[in-house]
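Colleague: What follows is structure.tsv; its format and atoms are TSV, N, CA and C atoms.
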chain	number	residue	atom	x	y	z
A	1	MET	N	19.18	2.06	-14.07
A	1	MET	CA	18.10	1.97	-15.04
A	1	MET	C	16.89	2.79	-14.58
A	2	ALA	N	16.56	2.75	-13.30
A	2	ALA	CA	15.40	3.48	-12.81
A	2	ALA	C	15.60	4.99	-12.91
A	3	VAL	N	16.84	5.44	-12.75
A	3	VAL	CA	17.12	6.86	-12.85
A	3	VAL	C	16.87	7.34	-14.27
A	4	ASN	N	17.25	6.55	-15.25
A	4	ASN	CA	17.01	6.92	-16.64
A	4	ASN	C	15.53	6.99	-16.94
A	5	ALA	N	14.76	6.06	-16.43
A	5	ALA	CA	13.31	6.07	-16.65
A	5	ALA	C	12.69	7.30	-16.00
A	6	LYS	N	13.20	7.67	-14.84
A	6	LYS	CA	12.68	8.86	-14.16
A	6	LYS	C	12.99	10.11	-14.97
A	7	LYS	N	14.21	10.20	-15.50
A	7	LYS	CA	14.58	11.35	-16.32
A	7	LYS	C	13.71	11.43	-17.56
A	8	VAL	N	13.47	10.32	-18.20
A	8	VAL	CA	12.64	10.29	-19.40
A	8	VAL	C	11.22	10.74	-19.07
A	9	ALA	N	10.69	10.28	-17.96
A	9	ALA	CA	9.33	10.66	-17.56
A	9	ALA	C	9.26	12.16	-17.29
A	10	VAL	N	10.24	12.72	-16.60
A	10	VAL	CA	10.25	14.16	-16.32
A	10	VAL	C	10.37	14.96	-17.61
A	11	TYR	N	11.27	14.56	-18.49
A	11	TYR	CA	11.41	15.27	-19.77
A	11	TYR	C	10.12	15.19	-20.58
A	12	ALA	N	9.48	14.03	-20.61
A	12	ALA	CA	8.23	13.88	-21.35
A	12	ALA	C	7.15	14.79	-20.78
A	13	LEU	N	7.09	14.88	-19.46
A	13	LEU	CA	6.09	15.74	-18.82
A	13	LEU	C	6.35	17.21	-19.15
A	14	VAL	N	7.60	17.62	-19.12
A	14	VAL	CA	7.96	19.01	-19.45
A	14	VAL	C	7.62	19.32	-20.90
A	15	VAL	N	7.97	18.42	-21.80
A	15	VAL	CA	7.66	18.63	-23.22
A	15	VAL	C	6.16	18.72	-23.43
A	16	PHE	N	5.40	17.85	-22.78
A	16	PHE	CA	3.94	17.89	-22.91
A	16	PHE	C	3.39	19.21	-22.39
A	17	ALA	N	3.88	19.65	-21.23
A	17	ALA	CA	3.40	20.92	-20.65
A	17	ALA	C	3.69	22.08	-21.59
A	18	LEU	N	4.91	22.13	-22.13
A	18	LEU	CA	5.25	23.20	-23.07
A	18	LEU	C	4.39	23.13	-24.34
A	19	TYR	N	4.14	21.93	-24.83
A	19	TYR	CA	3.29	21.76	-26.01
A	19	TYR	C	1.88	22.31	-25.76
A	20	VAL	N	1.31	21.97	-24.62
A	20	VAL	CA	-0.04	22.44	-24.31
A	20	VAL	C	-0.06	23.96	-24.15
A	21	ILE	N	0.95	24.51	-23.47
A	21	ILE	CA	1.01	25.97	-23.27
A	21	ILE	C	1.13	26.69	-24.60
A	22	ILE	N	1.96	26.19	-25.48
A	22	ILE	CA	2.20	26.86	-26.76
A	22	ILE	C	1.00	26.72	-27.69
A	23	THR	N	0.40	25.53	-27.76
A	23	THR	CA	-0.67	25.30	-28.72
A	23	THR	C	-2.02	25.81	-28.24
A	24	ASP	N	-2.26	25.81	-26.93
A	24	ASP	CA	-3.57	26.24	-26.42
A	24	ASP	C	-3.43	26.85	-25.03
A	25	PRO	N	-3.04	28.12	-24.96
A	25	PRO	CA	-2.81	28.75	-23.65
A	25	PRO	C	-4.07	28.79	-22.77
A	26	LYS	N	-5.24	28.94	-23.38
A	26	LYS	CA	-6.49	28.99	-22.58
A	26	LYS	C	-6.70	27.66	-21.86
A	27	LYS	N	-6.51	26.57	-22.57
A	27	LYS	CA	-6.69	25.25	-21.96
A	27	LYS	C	-5.63	25.02	-20.89
A	28	ALA	N	-4.41	25.50	-21.12
A	28	ALA	CA	-3.34	25.35	-20.13
A	28	ALA	C	-3.70	26.09	-18.85
A	29	SER	N	-4.27	27.28	-18.99
A	29	SER	CA	-4.67	28.03	-17.79
A	29	SER	C	-5.81	27.31	-17.07
A	30	ASP	N	-6.69	26.67	-17.80
A	30	ASP	CA	-7.75	25.88	-17.16
A	30	ASP	C	-7.16	24.72	-16.37
A	31	TYR	N	-6.13	24.07	-16.92
A	31	TYR	CA	-5.48	22.96	-16.21
A	31	TYR	C	-4.83	23.45	-14.91
A	32	VAL	N	-4.19	24.61	-14.98
A	32	VAL	CA	-3.56	25.18	-13.78
A	32	VAL	C	-4.63	25.49	-12.74
A	33	LEU	N	-5.74	26.06	-13.17
A	33	LEU	CA	-6.83	26.38	-12.25
A	33	LEU	C	-7.37	25.11	-11.60
A	34	ILE	N	-7.55	24.07	-12.38
A	34	ILE	CA	-8.03	22.79	-11.84
A	34	ILE	C	-7.03	22.24	-10.82
A	35	GLY	N	-5.76	22.34	-11.12
A	35	GLY	CA	-4.73	21.87	-10.20
A	35	GLY	C	-4.74	22.62	-8.88
A	36	PHE	N	-4.82	23.96	-8.96
A	36	PHE	CA	-4.85	24.75	-7.73
A	36	PHE	C	-6.13	24.50	-6.94
A	37	GLN	N	-7.24	24.29	-7.62
A	37	GLN	CA	-8.48	23.99	-6.93
A	37	GLN	C	-8.37	22.65	-6.19
A	38	GLY	N	-7.73	21.68	-6.82
A	38	GLY	CA	-7.52	20.38	-6.18
A	38	GLY	C	-6.65	20.49	-4.94
A	39	VAL	N	-5.57	21.27	-5.04
A	39	VAL	CA	-4.69	21.47	-3.89
A	39	VAL	C	-5.44	22.19	-2.77
A	40	SER	N	-6.24	23.18	-3.14
A	40	SER	CA	-7.02	23.92	-2.15
A	40	SER	C	-8.03	23.01	-1.46
A	41	ASP	N	-8.72	22.18	-2.22
A	41	ASP	CA	-9.69	21.25	-1.63
A	41	ASP	C	-9.01	20.25	-0.70
A	42	ALA	N	-7.83	19.77	-1.09
A	42	ALA	CA	-7.10	18.82	-0.25
A	42	ALA	C	-6.65	19.48	1.05
A	43	ALA	N	-6.18	20.71	0.97
A	43	ALA	CA	-5.76	21.43	2.18
A	43	ALA	C	-6.95	21.66	3.10
A	44	GLY	N	-8.10	21.99	2.54
A	44	GLY	CA	-9.30	22.18	3.35
A	44	GLY	C	-9.72	20.89	4.04
A	45	ALA	N	-9.63	19.78	3.32
A	45	ALA	CA	-9.99	18.49	3.90
A	45	ALA	C	-9.03	18.12	5.03
A	46	LEU	N	-7.74	18.37	4.84
A	46	LEU	CA	-6.78	18.10	5.91
A	46	LEU	C	-7.04	18.98	7.13
A	47	GLY	N	-7.41	20.23	6.90
A	47	GLY	CA	-7.77	21.12	8.01
A	47	GLY	C	-8.99	20.63	8.75
A	48	ASP	N	-10.00	20.18	8.02
A	48	ASP	CA	-11.21	19.63	8.66
A	48	ASP	C	-10.88	18.39	9.48
A	49	PHE	N	-10.01	17.53	8.94
A	49	PHE	CA	-9.60	16.32	9.65
A	49	PHE	C	-8.85	16.68	10.93
A	50	ALA	N	-7.91	17.64	10.84
A	50	ALA	CA	-7.14	18.05	12.01
A	50	ALA	C	-8.06	18.63	13.08
A	51	THR	N	-9.05	19.41	12.66
A	51	THR	CA	-10.00	19.97	13.61
A	51	THR	C	-10.82	18.87	14.27
A	52	TRP	N	-11.23	17.90	13.50
A	52	TRP	CA	-11.99	16.77	14.03
A	52	TRP	C	-11.17	16.00	15.07
A	53	VAL	N	-9.89	15.75	14.75
A	53	VAL	CA	-9.02	15.04	15.69
A	53	VAL	C	-8.80	15.89	16.95
A	54	ALA	N	-8.59	17.19	16.78
A	54	ALA	CA	-8.34	18.08	17.93
A	54	ALA	C	-9.56	18.17	18.85
A	55	ASN	N	-10.74	17.98	18.28
A	55	ASN	CA	-11.97	18.03	19.07
A	55	ASN	C	-12.32	16.68	19.69
A	56	GLY	N	-11.40	15.75	19.68
A	56	GLY	CA	-11.62	14.47	20.31
A	56	GLY	C	-12.19	13.42	19.38
A	57	ALA	N	-12.19	13.65	18.09
A	57	ALA	CA	-12.66	12.68	17.08
A	57	ALA	C	-14.09	12.25	17.33
A	58	LYS	N	-14.92	13.24	17.63
A	58	LYS	CA	-16.34	12.93	17.87
A	58	LYS	C	-17.17	13.28	16.66
Kindly return the structure encoded in the file as structure tokens.
Modeller:
Amino acid sequence: MAVNAKKVAVYALVVFALYVIITDPKKASDYVLIGFQGVSDAAGALGDFATWVANGAK
């Protein structure tokens, strides 16, 4: 049962993504930019944390 729910969720997400891309490509590109910015910020934060730990957590 859980596998079917997972498949439905993935299909729904794909359909939604295609709908947004087809109906409003500018907004879709903004969403992608926001996503990449979030990933970049998270990677920077992890780098800062690793540096802090490497410096003795002071």
Colleague: So how far away is CA of Phe49 in chain A from CA of Asp30 in chain A, in Å?
Modeller: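 Straight-line distance from CA of Asp30 in chain A to CA of Phe49 in chain A works out to 28.5 Å.
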Colleague: How many Å lie between CA of Val20 in chain A and CA of Ala43 in chain A, rounded to one decimal?
Modeller: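 Going from CA of Val20 in chain A over to CA of Ala43 in chain A covers 27.1 Å.
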Colleague: How many Å separate CA of Tyr19 in chain A from CA of Tyr31 in chain A?
Modeller: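 We find that CA of Tyr19 in chain A and CA of Tyr31 in chain A lie 13.2 Å from each other.
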Colleague: Can you tell me, as AutoDock Vina command-line options, the centre and edge lengths (Å, one decimal) of the axis-aligned box enclosing all of range 42-46 of chain A's listed atoms after padding each side by 6 Å?
Modeller:
--center_x -7.9 --center_y 20.1 --center_z 3.0 --size_x 16.2 --size_y 16.1 --size_z 20.2
